[in-house]
$ cat target-v1.cif   # mmCIF, C-alpha atoms
data_work
#
loop_
_atom_site.label_atom_id
_atom_site.label_comp_id
_atom_site.auth_asym_id
_atom_site.auth_seq_id
_atom_site.Cartn_x
_atom_site.Cartn_y
_atom_site.Cartn_z
CA GLY A 29 0.00 0.00 0.00
CA GLU A 30 0.89 3.66 -0.15
CA ASP A 31 3.04 5.20 2.56
CA VAL A 32 0.49 7.95 3.18
CA GLU A 33 -3.20 7.37 2.46
CA GLN A 34 -6.10 9.78 2.22
CA SER A 35 -9.64 9.69 0.91
CA LEU A 36 -9.84 11.36 -2.49
CA PHE A 37 -12.97 13.45 -1.91
CA LEU A 38 -14.86 15.10 0.94
CA SER A 39 -18.05 17.09 0.49
CA VAL A 40 -19.37 19.39 3.24
CA ARG A 41 -21.92 22.17 3.56
CA GLU A 42 -20.75 25.72 4.00
CA GLY A 43 -20.58 26.55 7.70
CA ASP A 44 -20.12 22.94 8.80
CA SER A 45 -16.86 21.45 10.04
CA SER A 46 -14.68 19.48 7.65
CA VAL A 47 -12.58 16.58 8.88
CA ILE A 48 -9.91 15.27 6.54
CA ASN A 49 -8.24 12.04 7.57
CA CYS A 50 -4.85 10.55 6.79
CA THR A 51 -3.00 7.37 7.73
CA TYR A 52 0.72 6.85 7.46
CA THR A 53 2.98 3.85 7.84
CA ASP A 54 6.33 5.11 9.07
CA SER A 55 6.38 5.16 12.85
CA SER A 56 9.70 7.03 12.77
CA SER A 57 8.10 10.10 11.19
CA THR A 58 9.13 13.12 13.23
CA TYR A 59 6.79 15.72 11.76
CA LEU A 60 3.47 15.47 9.94
CA TYR A 61 2.15 18.21 7.73
CA TRP A 62 -0.98 19.48 6.06
CA TYR A 63 -0.61 21.34 2.78
CA LYS A 64 -3.33 23.09 0.75
CA GLN A 65 -3.35 23.39 -3.02
CA GLU A 66 -5.79 25.74 -4.72
CA PRO A 67 -6.50 25.38 -8.47
CA GLY A 68 -3.54 26.43 -10.60
CA ALA A 69 -1.31 27.05 -7.60
CA GLY A 70 1.50 25.34 -5.77
CA LEU A 71 1.25 23.80 -2.33
CA GLN A 72 0.86 26.03 0.69
CA LEU A 73 1.89 24.77 4.14
CA LEU A 74 -1.14 25.04 6.43
CA THR A 75 0.16 23.52 9.62
CA TYR A 76 2.35 20.78 11.01
CA ILE A 77 2.55 18.73 14.17
CA PHE A 78 5.50 17.18 15.94
CA SER A 79 5.14 13.47 16.54
CA ASN A 80 5.17 13.78 20.34
CA MET A 81 2.06 15.98 20.30
CA ASP A 82 -1.57 14.85 20.27
CA MET A 83 -3.22 18.03 19.14
CA LYS A 84 -2.42 21.41 17.68
CA GLN A 85 -4.89 24.24 17.16
CA ASP A 86 -4.43 27.25 14.94
CA GLN A 87 -7.50 29.47 14.49
CA ARG A 88 -10.04 27.42 12.50
CA LEU A 89 -7.65 24.49 12.07
CA THR A 90 -7.27 21.63 14.53
CA VAL A 91 -4.81 18.80 13.94
CA LEU A 92 -5.21 15.55 15.84
CA LEU A 93 -2.51 12.89 15.90
CA ASN A 94 -2.99 9.32 17.07
CA LYS A 95 0.51 7.97 16.94
CA LYS A 96 -0.51 4.48 18.05
CA ASP A 97 -2.85 4.11 15.08
CA LYS A 98 -0.68 6.29 12.80
CA HIS A 99 -3.71 8.44 12.09
CA LEU A 100 -3.70 12.18 11.44
CA SER A 101 -6.71 14.43 10.93
CA LEU A 102 -7.31 18.03 9.98
CA ARG A 103 -10.49 19.71 11.18
CA ILE A 104 -11.58 22.96 9.57
CA ALA A 105 -14.23 24.75 11.58
CA ASP A 106 -16.92 26.86 9.89
CA THR A 107 -15.91 25.75 6.39
CA GLN A 108 -16.06 28.53 3.81
CA THR A 109 -16.07 28.49 0.00
CA GLY A 110 -12.48 29.70 0.08
CA ASP A 111 -11.51 26.45 1.77
CA SER A 112 -12.30 24.57 -1.43
CA ALA A 113 -8.96 23.00 -2.44
CA ILE A 114 -6.94 19.80 -2.36
CA TYR A 115 -5.47 19.01 1.04
CA PHE A 116 -2.31 16.93 1.25
CA CYS A 117 -1.05 15.03 4.23
CA ALA A 118 2.73 14.56 4.34
CA GLU A 119 5.35 13.07 6.60
CA SER A 120 9.04 13.64 7.01
CA LYS A 121 11.00 10.57 7.85
CA GLY A 122 13.60 12.54 9.73
CA GLY A 123 17.32 12.19 9.39
CA GLY A 124 18.88 13.21 6.08
CA ALA A 125 17.63 15.32 3.20
CA ASP A 126 14.96 12.92 1.95
CA GLY A 127 12.19 15.45 1.59
CA LEU A 128 8.56 14.72 2.29
CA THR A 129 6.28 11.82 1.44
CA PHE A 130 2.85 13.00 0.37
CA GLY A 131 -0.57 11.38 0.17
CA LYS A 132 -2.61 11.70 -3.03
CA GLY A 133 -4.62 14.57 -1.59
CA THR A 134 -8.25 15.03 -0.57
CA HIS A 135 -10.46 17.23 -2.70
CA LEU A 136 -12.62 19.31 -0.35
CA ILE A 137 -15.89 20.28 -2.03
CA ILE A 138 -18.08 22.93 -0.42
CA GLN A 139 -21.82 22.81 -0.95
CA PRO A 140 -23.76 26.08 -0.55
CA GLU B 21 3.76 35.61 -3.03
CA THR B 22 5.39 32.41 -1.81
CA GLY B 23 8.98 33.48 -2.29
CA VAL B 24 9.52 30.64 -4.75
CA THR B 25 9.02 31.46 -8.43
CA GLN B 26 8.95 29.11 -11.40
CA THR B 27 9.18 29.78 -15.10
CA PRO B 28 7.60 29.10 -17.45
CA ARG B 29 4.17 28.50 -15.93
CA HIS B 30 3.06 26.49 -18.95
CA LEU B 31 5.13 24.58 -21.47
CA VAL B 32 4.18 22.48 -24.47
CA MET B 33 6.97 20.55 -26.10
CA GLY B 34 7.45 17.80 -28.62
CA MET B 35 9.18 14.58 -27.78
CA THR B 36 12.34 15.61 -29.63
CA ASN B 37 12.66 19.06 -28.06
CA LYS B 38 15.03 20.19 -25.35
CA LYS B 39 13.75 22.65 -22.78
CA SER B 40 14.54 23.76 -19.24
CA LEU B 41 12.43 24.63 -16.24
CA LYS B 42 13.66 27.28 -13.87
CA CYS B 43 13.07 27.78 -10.17
CA GLU B 44 14.27 30.64 -7.99
CA GLN B 45 13.83 31.06 -4.26
CA HIS B 46 14.13 34.36 -2.41
CA LEU B 47 13.91 32.94 1.10
CA GLY B 48 17.55 32.36 1.94
CA HIS B 49 17.02 28.59 2.05
CA ASN B 50 19.77 26.08 1.42
CA ALA B 51 17.80 23.08 0.12
CA MET B 52 15.75 22.85 -3.08
CA TYR B 53 13.53 20.14 -4.53
CA TRP B 54 11.80 19.05 -7.71
CA TYR B 55 8.47 17.21 -7.43
CA LYS B 56 6.26 15.74 -10.14
CA GLN B 57 2.50 15.94 -9.68
CA SER B 58 0.51 13.66 -11.97
CA ALA B 59 -3.25 13.29 -12.05
CA LYS B 60 -3.46 9.86 -10.49
CA LYS B 61 -0.35 9.59 -8.34
CA PRO B 62 0.88 11.14 -5.13
CA LEU B 63 3.42 13.92 -5.38
CA GLU B 64 6.65 12.26 -6.40
CA LEU B 65 9.96 13.59 -5.13
CA MET B 66 12.40 13.69 -8.05
CA PHE B 67 15.51 15.48 -6.84
CA VAL B 68 16.83 17.07 -3.69
CA TYR B 69 19.72 19.49 -3.48
CA SER B 70 21.13 20.45 -0.12
CA LEU B 71 23.90 23.08 -0.02
CA GLU B 72 24.05 22.76 -3.83
CA GLU B 73 24.91 19.07 -3.66
CA ARG B 74 22.47 16.49 -4.99
CA VAL B 75 21.47 14.18 -2.16
CA GLU B 76 18.47 12.35 -3.59
CA ASN B 77 17.57 10.94 -6.98
CA ASN B 78 14.58 8.66 -6.75
CA SER B 79 15.34 6.59 -9.84
CA VAL B 80 14.28 9.38 -12.17
CA PRO B 81 14.86 8.68 -15.90
CA SER B 82 17.96 10.30 -17.36
CA ARG B 83 15.83 12.40 -19.72
CA PHE B 84 15.39 14.64 -16.66
CA SER B 85 18.61 16.37 -15.66
CA PRO B 86 18.72 18.75 -12.69
CA GLU B 87 21.18 21.57 -12.15
CA CYS B 88 21.70 23.67 -9.05
CA PRO B 89 24.29 26.39 -9.77
CA ASN B 90 23.74 28.11 -6.41
CA SER B 91 21.43 27.88 -3.42
CA SER B 92 18.87 30.24 -4.97
CA HIS B 93 18.45 28.65 -8.38
CA LEU B 94 17.39 25.23 -9.57
CA PHE B 95 16.89 24.01 -13.11
CA LEU B 96 15.34 20.92 -14.61
CA HIS B 97 16.64 20.19 -18.11
CA LEU B 98 14.32 18.12 -20.27
CA HIS B 99 15.13 16.17 -23.42
CA THR B 100 13.41 13.47 -25.47
CA LEU B 101 10.47 13.32 -23.10
CA GLN B 102 7.52 10.95 -23.38
CA PRO B 103 3.80 11.83 -23.29
CA GLU B 104 3.54 10.22 -19.83
CA ASP B 105 5.94 12.90 -18.56
CA SER B 106 3.13 15.44 -18.92
CA ALA B 107 2.47 16.72 -15.40
CA LEU B 108 2.77 19.66 -13.06
CA TYR B 109 6.37 20.09 -11.96
CA LEU B 110 6.72 21.74 -8.60
CA CYS B 111 9.79 23.29 -7.09
CA ALA B 112 10.19 23.74 -3.34
CA SER B 113 12.80 25.06 -0.96
CA SER B 114 13.53 24.73 2.73
CA GLN B 115 16.16 25.37 5.31
CA THR B 116 18.08 22.16 5.97
CA PRO B 117 16.78 21.32 9.40
CA GLY B 118 18.63 20.02 12.38
CA THR B 119 15.40 19.06 14.06
CA GLY B 120 13.62 17.12 11.33
CA LEU B 121 11.14 19.89 10.53
CA TRP B 122 11.03 19.97 6.73
CA GLU B 123 8.99 23.11 6.26
CA GLN B 124 8.99 23.34 2.50
CA TYR B 125 7.78 26.31 0.51
CA PHE B 126 6.44 25.56 -2.95
CA GLY B 127 6.40 27.47 -6.18
CA PRO B 128 3.28 27.62 -8.38
CA GLY B 129 4.54 24.92 -10.69
CA THR B 130 5.12 24.49 -14.40
CA ARG B 131 2.36 22.69 -16.29
CA LEU B 132 4.20 20.56 -18.86
CA THR B 133 2.47 18.95 -21.83
CA VAL B 134 4.47 16.61 -24.05
CA THR B 135 2.97 16.07 -27.49
#

$ encode --input "target-v1.cif" --output "structure tokens"
Amino acid sequence: GEDVEQSLFLSVREGDSSVINCTYTDSSSTYLYWYKQEPGAGLQLLTYIFSNMDMKQDQRLTVLLNKKDKHLSLRIADTQTGDSAIYFCAESKGGGADGLTFGKGTHLIIQP
Amino acid sequence: ETGVTQTPRHLVMGMTNKKSLKCEQHLGHNAMYWYKQSAKKPLELMFVYSLEERVENNSVPSRFSPECPNSSHLFLHLHTLQPEDSALYLCASSQTPGTGLWEQYFGPGTRLTVT
């Protein structure tokens, strides 16, 4: 299977909360990341969490990490039309310059 | 403005052409990356340069040739590409971390179409 897995699509109503889930396989990952990609643009780092943390909150964004299950989630409160994008989960394996391993991305679709 | 620029934004080339993609970062970082983003695959890391030395080459075909003349500039030279090489090519940069935090900043990408 893939190193980092995500659902491909999530549809939510405007104003509701969105929860995007991700599972990863490498227990040695030191940091886990959420990136956002809007149409025609590159990836924008939204937030990250260190592997010894359970939760991180930043305004409308809440990241939850279950290290035992290797499960990461991103909650977006009060979802707006501007949140419509592809959200990528990524992990860094630590150590040398090996970059990031990304999931395939979750398309967040906002219904009016 | 992300601080990482890429040119051109769009490129159409034939299989016998030679072209180059350019990336420039204005963030004072010392590591730069090329990624390939295809429609049905996860982002694929192609090359990593740290302190202008190549440290990663994930079995990328030789028709892709990177060049990093200094810490601010990164090129991807293309020759005799195949239609399956059509994709969005993303450049990123970061500060080589001592703590494992790979906070990468991405450019907008070059949309490459090989005909």

$ resolve_selection --input "target-v1.cif" --expression "the PyMOL selection byres ((chain B) within 6 of (chain A))" --output "VMD selection string"
chain B and resid 62 to 63 120 126 to 129

$ closest_residue --input "target-v1.cif" --among "B:Leu108, B:Cys88, B:Leu98, B:Leu65" --to "Lys39 (chain B)" --atoms "all atoms listed in the file"
B:Leu98

$ resolve_selection --input "target-v1.cif" --expression "the PyMOL selection byres ((chain B and resi 94) around 9)" --output "list of chain:residue names"
B:Leu41, B:Lys42, B:Cys43, B:Glu44, B:Gln45, B:Met52, B:Tyr53, B:Trp54, B:Tyr69, B:Pro86, B:Glu87, B:Cys88, B:Pro89, B:Asn90, B:Ser91, B:Ser92, B:His93, B:Phe95, B:Leu96, B:Cys111

$ atom_distance --input "target-v1.cif" --atom1 "CA of Val47 (chain A)" --atom2 "CA of Lys61 (chain B)"
22.2 Å

$ atom_distance --input "target-v1.cif" --atom1 "CA of Thr130 (chain B)" --atom2 "CA of Leu31 (chain B)"
7.1 Å

$ atom_distance --input "target-v1.cif" --atom1 "CA of Ile137 (chain A)" --atom2 "CA of Val24 (chain B)"
27.6 Å
